[in-house]
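Engineer: Quick one: this structure, given as structure tokens, is what I'll be asking you about.
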Amino acid sequence: MNDTYAVIGHPIGHTKSPLIHGLFAEATQQAMHYTAIEGPREPDDAFAATVREFITSGGKGMNITAPFKLAAFAMADEHSERATLAGAANAFKFEEGRVFAENFDGIGLLRDIEVNLHAPLEGKRVLLLGAGGAARGALLPFLGARPAELVMVNRHVAKARALASQLTQHGPITACAYGELDRMGRFDLVVNATSASLTGDLPPVPPSVFSPRGTAYELAYGKHLTPFLRLARNAGVAGVADGVGMLVEQAAEAFLWWRGVRPETQAVIDRLTVPLD
Ligand code: ATR
């Protein structure tokens with residue numbers, strides 16, 4: 001029987017993961033099967049029970065999406081450093097009865113920016129909007145890319161400050177409030193890791209943070225030109241991107257972790273890309 005993998009989320013109907021992993025498996029000639037599981041939201045322990053059933057049926061690994069990334073982290077036996085910092089897991093590997101948790105969201109984002117968009121972070125000024133799970137996952141990979149400065153901004157600024165002070169030994173990270181941004185100059189890369197775009201909202205970011213030769217990146221994908229990306233465009237930023245590349249790159253990292261083979265990503269990204277305007 002082929003090795004079985006799955007993505008679990010709620011709702012899971014629109015997931016692209018089976019398509020992405022199916023294309024990877026075909027391209028790398030891996031004999032595997034990948035399905036989507038609608039995870040139960042209640043009772044509290046039903047998520048873990050569903051994962052255990054999947055393991056019992058022979059499952060080898062999983063991707064985890066909203067709203068289960070925290071519950072996934074909580075039920076794992078072993079956690080990578082990235083998952084620990086994010087406090088969230090987006091991938092599981094099951095081996096010898098143990099559940100290993102990883103978080104590839106941040107590394108997938110970094111790869112998309114540096115490799116696909118040709119915008120290396122080294123020596124650059126980076127602004128990260130948000131301090132939730134999505135933003136936290138990006139912090140260690142971003143600092144590892146040696147930016148000149150990484151500034152986090154969040155409405156609840158104490159949350160961003162606490163994270164920044166936890167990470168100062170990893171690189172030049174600071175936190176500020178949105179109201180301070182108009183005195184901070186331009187950034188080479190501005191990443192919207194807030195959940196504002198999911199509701200069509202715009203974080204209160206002034207256009208002065210954008211650099212015309214820089215990059216504006218929206219973690220949400222398939223939403224065309226979000227208010228954040230429109231603001232960046234209007235500020236003259238040529239390089240605007242949504243999170244489709246990140247989605248494919250984090251999947252490629254999970255695939256490599258599970259199968260020991262890194263799939264090519266560009267053709268899959270091209271296939272899933274929705275024009276921004
Ligand atoms: P996720 O896992 O998607 O990161 P989350 O952990 O709930 O979700 O975090 C959501 C993030 O988006 C937070 O940083 C939140 O800011 P606060 O912590 O100050 O609430 C941010 N956010 C949500 N809506 C926003 C908006 N309209 N403007 C600015 N930030 C917003």
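How things are named: the first chain in the structure tokens is A, the next is B, and so on; residues count from 1 in each chain; ligands count from 1 in the order shown.
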With a cut-off of 10 Å, could you pull out the residues of region 128-165 of chain A touching region 204-210 of chain A and give me the nearest pair of atoms for each, distance in Å to one decimal, using only C-alpha atoms, ordered by chain and ascending number, as a tab-separated table?

Structural biologist:
residue	atom	partner	partner_atom	distance
A:Leu129	CA	A:Val205	CA	8.6
A:Val153	CA	A:Val205	CA	9.3
A:Asn154	CA	A:Pro204	CA	9.7
A:Arg155	CA	A:Pro204	CA	8.8

Engineer: For region 87-96 of chain A, work out the shell of residues within 6 Å, counting only C-alpha atoms and skipping chain neighbours fewer than 2 positions away, then give it as a ChimeraX atom specification.

Structural biologist: /A:60-64,69-70,72-73,83-85,98-103

Engineer: Would you mind listing, for every residue of chain A within 7 Å of ligand 1, the two atoms forming the shortest contact and the distance between them in Å to one decimal, using only C-alpha atoms and all ligand atoms, sorted by chain and ascending residue number, as a Markdown table?

Structural biologist:
| residue | atom | partner | partner_atom_place_in_ligand_line | distance |
| --- | --- | --- | --- | --- |
| A:Gly130 | CA | ligand 1 | 14 (O) | 3.5 |
| A:Ala131 | CA | ligand 1 | 14 (O) | 3.9 |
| A:Gly132 | CA | ligand 1 | 6 (O) | 3.3 |
| A:Gly133 | CA | ligand 1 | 2 (O) | 3.8 |
| A:Ala134 | CA | ligand 1 | 4 (O) | 3.8 |
| A:Ala135 | CA | ligand 1 | 4 (O) | 5.8 |
| A:Asn154 | CA | ligand 1 | 19 (O) | 5.0 |
| A:Arg155 | CA | ligand 1 | 19 (O) | 3.6 |
| A:His156 | CA | ligand 1 | 19 (O) | 3.8 |
| A:Val157 | CA | ligand 1 | 19 (O) | 6.8 |
| A:Lys159 | CA | ligand 1 | 18 (O) | 6.7 |
| A:Ala193 | CA | ligand 1 | 4 (O) | 6.3 |
| A:Thr194 | CA | ligand 1 | 12 (O) | 3.3 |
| A:Ser195 | CA | ligand 1 | 12 (O) | 4.2 |
| A:Ala196 | CA | ligand 1 | 24 (N) | 4.0 |
| A:Asp201 | CA | ligand 1 | 27 (N) | 5.2 |
| A:Leu202 | CA | ligand 1 | 27 (N) | 5.8 |
| A:Pro203 | CA | ligand 1 | 28 (N) | 3.7 |
| A:Pro204 | CA | ligand 1 | 28 (N) | 6.3 |

Engineer: One decimal, Å: what's the distance from CA of Gly9 (chain A) over to CA of Gly39 (chain A), could you say?

Structural biologist: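 If I compute the distance from CA of Gly9 (chain A) to CA of Gly39 (chain A), I get 5.3 Å.
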
Engineer: For Ala27 (chain A), which residue among A:Arg125, A:Arg271, A:Arg262, A:Arg136 is the nearest when counting only C-alpha atoms?

Structural biologist: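 Looking at the shortest contact to Ala27 (chain A), the residue is A:Arg262.
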
Engineer: Running DSSP on the backbone, which parts of region 126-193 of chain A land in strand (DSSP E or B), as a PyMOL selection string?

Structural biologist: chain A and resi 126-129+149-153+173-176+187-192
